[in-house]
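Participant: Have a look at this one.
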Amino acid sequence: MELENSSLKIIIYPLLLAVVLLAIPKYLLHANQVYFLTTLCIPVIFAISYNMIYGYAGMLSLAHAAFFGVGAYTFYYAVDFTSSIILSLIVVLILTFVFGLFIGVVSNRAKGTGFIVVTFLVTVISSRLANSYSSITGGTDGFFINLPKIDLLVTKISISGIYPAYALIVLVTIGVFFLFRHILEFSTIGVVLEGIRENEERMKSMGYDVDRFKILSFSIAGAFAGIAGALQGIYLSFLSAESFGITLSFDALVYTLLGGAGTIIGPVIGGIFMRSLEYYGSEFIEQYLFLPGFALIFIVLFYRKGLRGLIEKLRSEL
Amino acid sequence: MISISIFIHAVAWALIVAIVAIGLNLMFSITEFFNVAHGSFYMLSIFITFTLLNHGVNYILVFFIVPAMLASIFMAMERTIFRRVEGDVGASVLLTVGLMIVTQQTALRVWGGGYISLGAPITGSINILGVSASLYDLFVIAFVTLLLLGFRFFLNRTNYGRRIRAISNNRTEAAAVGININLYLVLIFGLLMVMNVWGGILASPFVGGHYTMGLEMLVLAIVVINVGGKGSLRGTILASFLFGFIENIFLLRFTPIESRVAALVILIGILMLKPEGIYPGEI
């Protein structure tokens, strides 16, 4: 049956994906496999949001780790305050969006390499402060999060088990994926951002308020990086100042580039691939971070289009 | 008076930051190659110095072997892989971020995740007109000042330096008048790496060693060159001094991390006011 109605598609695809991703682990997979799938979701959300600013708008931001950390800690304090996970996630979304607006306005004043510098410094400074003020952040020892039950009107679900946490996180991930797909492929923002990446001056002379679009996309992406931080808090039930780690910003870059920047599915592939590589690689070598390093060098030298480009090339040759 | 010896120490530290940052700045302004791994070589120089000294190698020998070693590795990399991304800032950032991660993890594997500390080769202090100054600080100031003057003379007064500046101004024209671009780029990359490594060796008694310290220095260098202006020697030096003094003034009342953050924030403020830096576009 051909689905012609696009509004129907918007509902049907995510639902199908959700059913598949919820049913298979429930009946077919072991607990630690479900846990592994959960850990895959965080890099995927992180990369999807980063792709919006790097892949689409062409802004090489290194501030993404700061959003991750701010999101994680906002979630911790919001859960403490509201004792509701859903409400806390909404608070995270709003607060990291506002934080993103602030950082976006400041860093957008600096052009070119200045932008990279300022966003890098945002990450450096926030990581310094997080490690320094350990009474607020718990330092590297961190805090445990007491996760409240989710109130679904008829019943309350405890999120502390592996499967419920997986279900919540995977549903959010699917939601984020389709939201970004919608924004970037079917709305004006995506088109304008690509225009900015290709030729900023032309977009300006066509009458677009380029700065506003850049800051807006920067904040939206930041808000969802914050959600990634909050979700990590959910499945670990723990957070520490390492949520602000500088390497996280580089990770976002690696995921996006490896999968293929500026495509919808690229960062998803990149995040899943790199996370699996780290997960299985860490069994063989203690310093598993070698892998993203070598991956980055390899991509830049030999394959700028990333894994997605490779897949497409193979497909066209077969 | 205690504040004057602190002042002398701040000068020594600022000069070290300056010679590291100049390397980053000139590589960037000459070839549009932004070397994020610059700090990693700084870190490697400290660890290698540490290892060689522990094996009983003479300090003076180490002082010349380590730069030669790291600079030749760097020059080989310039010939083989950096060449492919020169002229493309984004690609060079990505490539050298990869290189930085690999170098860091190598250091972690070889030397472990702990802190190391190195003693100063010259100890003791002297009194000049009632002011006590550490001999090592004075040695650093003297050595780096001579190095910077020599480098400035090399860039401005010798034919080699003039050709390098010509390449920086217009690469195609420089090639058209018969300058061997590949040769001169390797030469200047090697020289800048030697300065960077010396910065690391000189800084080692002040900062110790840790596998993530390269990033620390990279942050300082990035801020300093952006505040100073792309390609500007005196801008870089001036900004290093600004940074060193602001940080040391804050250190009188605040913790090291707070002082560093405060100095970074002030320099970002300057960057907001003068996005092009203090002395833009000169070399």
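Each chain in the structure tokens gets a letter, A, B, ..., in the order shown, and its residues are numbered from 1; ligands are numbered from 1 in order too.
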May I have the residues of chain A within 7 Å of chain B, counting only C-alpha atoms, written as a list in words?
Facilitator: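 That gives Arg109, Ala110, Val117, Ile125, Arg128, Ser132, Gln287, Leu289, Phe290, Gly293, Phe294, Leu296, Ile297 and Val300 of chain A for chain A.
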Participant: What's around stretch 17-30 of chain B at 6 Å? Count only C-alpha atoms, leave out sequence neighbours fewer than 6 positions away in its own chain, and write the answer as a ChimeraX atom specification.
Facilitator: /B:168,192,195-196,199,221,225,231,237,240
Participant: Next, write the just-selected residues to a file, as an mmCIF file, in the first residue's frame, keeping N, CA, C and O atoms as the atom set.
Facilitator:
```cif
data_model
loop_
_atom_site.group_PDB
_atom_site.id
_atom_site.type_symbol
_atom_site.label_atom_id
_atom_site.label_comp_id
_atom_site.auth_asym_id
_atom_site.auth_seq_id
_atom_site.Cartn_x
_atom_site.Cartn_y
_atom_site.Cartn_z
ATOM 1 N N SER B 168 53.904 33.876 2.839
ATOM 2 C CA SER B 168 52.738 34.176 3.650
ATOM 3 C C SER B 168 51.833 35.201 2.984
ATOM 4 O O SER B 168 50.607 35.090 3.017
ATOM 5 N N LEU B 192 59.412 26.683 14.130
ATOM 6 C CA LEU B 192 58.349 27.003 15.075
ATOM 7 C C LEU B 192 58.170 25.864 16.071
ATOM 8 O O LEU B 192 57.890 26.091 17.250
ATOM 9 N N MET B 195 60.769 26.103 18.765
ATOM 10 C CA MET B 195 60.409 27.100 19.781
ATOM 11 C C MET B 195 59.358 26.551 20.730
ATOM 12 O O MET B 195 59.415 26.743 21.944
ATOM 13 N N ASN B 196 58.391 25.839 20.169
ATOM 14 C CA ASN B 196 57.327 25.244 20.986
ATOM 15 C C ASN B 196 57.918 24.269 22.005
ATOM 16 O O ASN B 196 57.577 24.297 23.185
ATOM 17 N N GLY B 199 59.699 25.901 24.687
ATOM 18 C CA GLY B 199 58.699 26.415 25.632
ATOM 19 C C GLY B 199 58.313 25.346 26.633
ATOM 20 O O GLY B 199 58.247 25.597 27.840
ATOM 21 N N ALA B 221 47.318 29.498 24.221
ATOM 22 C CA ALA B 221 47.895 29.949 22.957
ATOM 23 C C ALA B 221 46.806 30.459 22.026
ATOM 24 O O ALA B 221 46.958 31.511 21.395
ATOM 25 N N ILE B 225 46.810 34.297 20.666
ATOM 26 C CA ILE B 225 47.021 34.692 19.275
ATOM 27 C C ILE B 225 45.800 35.419 18.726
ATOM 28 O O ILE B 225 45.920 36.288 17.880
ATOM 29 N N GLY B 231 49.082 36.481 12.825
ATOM 30 C CA GLY B 231 50.359 36.733 12.165
ATOM 31 C C GLY B 231 51.238 37.766 12.831
ATOM 32 O O GLY B 231 52.310 38.056 12.337
ATOM 33 N N ILE B 237 53.105 38.594 21.674
ATOM 34 C CA ILE B 237 53.888 38.799 22.894
ATOM 35 C C ILE B 237 53.122 39.698 23.867
ATOM 36 O O ILE B 237 53.004 39.406 25.057
ATOM 37 N N SER B 240 50.360 37.807 25.482
ATOM 38 C CA SER B 240 50.871 36.875 26.492
ATOM 39 C C SER B 240 51.147 37.610 27.793
ATOM 40 O O SER B 240 50.830 37.121 28.883
#
```
Participant: Just the residues within 9 Å of A:Ile264, please, counting only C-alpha atoms, with nothing from its chain fewer than 3 positions along; format it as a list in words.
Facilitator: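 Residues meeting the cut-off are Ile48, Asn51, Phe177, Phe180, Arg181, Leu184, Glu185, Gly260, Ala261, Pro267 and Val268 of chain A.
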Participant: At what distance in Å, to one decimal, does atom CA of A:Ile265 lie from atom CA of A:Gln33?
Facilitator: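 According to the coordinates, atom CA of A:Gln33 and atom CA of A:Ile265 are separated by 22.8 Å.
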Participant: Considering only C-alpha atoms, can you say which of B:Ile141, B:Ile266, B:Val197, B:Ile249 comes closest to B:Ala14?
Facilitator: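 That would be B:Ile141, the residue with the smallest distance to B:Ala14.
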